[in-house]
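Heads up: the structure comes next, in structure tokens.
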Amino acid sequence: MKQVYVVHGYTASANAHWFPYLAQQLQQTDIACYCLNMPDSMQPNPTEWLDYLKQHLQLTEQTLVVGHSLGCIATLNLLLSRQQPILSGIFVSGFNQTIPHLAELTPFIDIYQELLVKSGLSIKQLFNRTPCAIAAYDDHIVPHQYTDTLATSLQANYIRLQQGGHFLDREGWKEFPLVLQQIQTYFNNE
């Protein structure tokens with residue numbers, strides 16, 4: 001079964017930003033979409049998030065994950081812990097290193113580094129098709145340089161937009177056709 005899991009970020013929810021748009025658009029296709037509500041997003045705990053993802057994601061070769069911001073590293077932690085390849089991933093404003101002004105999220109990075117070493121895998125081995133990273137040059141929450149590093153480590157196709165900020169609803173991002181298009185491309189080219 002073709003399925004997409006959307007994992008939101010810090011202080012967000014399944015109903016924020018462009019996530020409902022994705023779910024609504026994909027409902028009109030043969031692709032199931034699950035927008036997850038991560039536990040306590042105001043004070044996220046990486047172990048609780050990992051446990052939640054383990055309980056709620058059924059990983060198959062027809063699974064595509066969409067992460068936004070903190071949701072990207074949380075999803076990578078799941079994939080590294082499961083070591084089961086999936087179709088691919090789309091990582092929006094993602095990061096895999098400590099961001100000084102978001103030091104409270106460093107425990108997610110610590111788990112990522114630990115799992116990366118423990119698994120002995122190249123992160124690229126977790127995807128059957130090349131993942132995609134998306135960032136904006138004017139993102140002041142996760143500056144694009146952090147997504148640059150993530151994209152390089154994933155050997156991802158990288159889309160940088162001139163404007164977009166952190167792709168939040170308060171910045172006007174209630175819809176995100178580019179992400180929808182990327183999802184459709186992955187499933188249409190199976």
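Numbering starts fresh at 1 for the residues of each chain in the structure tokens, the chains themselves are lettered A, B, ... in the order given, and ligands are numbered from 1 as they appear.
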
* To do: Please provide the set of residues having any atom within 12 Å of Thr75 of chain A, restricted to only C-alpha atoms, with same-chain residues fewer than 6 positions apart removed, written as a count of residues only.
  => 41

* If you run DSSP on this backbone, which residues of chain A come out as alpha helix (DSSP H), and could you give them as an MDAnalysis selection string? -> chainID A and resid 19:27 46:56 70:82 106:119 144:154 177:188

* Go through A:Leu121, A:Leu79, A:Ile31, A:Leu70 one by one, measure the shortest atom-to-atom distance of each to Leu102 of chain A using only C-alpha atoms, and give the residue with the smallest value. => A:Leu70

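Distance check against Thr130 of chain A using only C-alpha atoms: of A:Ala16, A:Cys72, A:Leu87, A:Ile99, the minimum falls on A:Leu87.
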
* To do: State, in Å with one decimal place, the distance from atom CA of Phe187 of chain A to atom CA of Ala74 of chain A.
  =>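 Atom CA of Phe187 of chain A sits 23.2 Å away from atom CA of Ala74 of chain A.
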
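Proximity ranking of A:Ile159, A:Leu22, A:Leu150, A:Val4 relative to Tyr34 of chain A places A:Val4 first, based on only C-alpha atoms.
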
* **Picked from chain A by DSSP as strand (DSSP E or B), as a PyMOL selection string** => chain A and resi 3-7+32-36+63-68+86+88-92+127+132-136+157-161

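With only C-alpha atoms as the atoms that count, the minimum distance from Ser153 of chain A to the choices A:Ile183, A:Ile141, A:Leu76, A:Leu168 is reached by A:Leu76.
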
* Atomic distance atom CA of His101 of chain A - atom CA of Ala12 of chain A, expressed in Å with one decimal ->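 Straight-line distance from atom CA of His101 of chain A to atom CA of Ala12 of chain A works out to 17.8 Å.
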
* For Leu178 of chain A, list every protein, DNA or RNA residue within 12 Å, evaluated using only C-alpha atoms, and leave out those in the same chain fewer than 2 positions away; present the list as a list in words. =>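 Counting only C-alpha atoms, the residues come to Trp18, Tyr21, Leu22, Ile90, Val92, Cys132, Ala133, Ile134, Ala135, Ile159, Arg160, Leu161, Gly164, Phe167, Trp173, Glu175, Phe176, Leu180, Gln181, Gln182, Ile183, Gln184 and Thr185 of chain A.
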
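Of the residues listed (A:Ile73, A:Gly172, A:Val142, A:Ser93), A:Ile73 shows the shortest atom-to-atom separation from Leu116 of chain A; distances use only C-alpha atoms.
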
* Can you pull out every residue within 9 Å of Asp30 of chain A, counting only C-alpha atoms, but drop anything in the same chain fewer than 4 positions away, and send it as number ranges by chain? => A: 1-3, 26
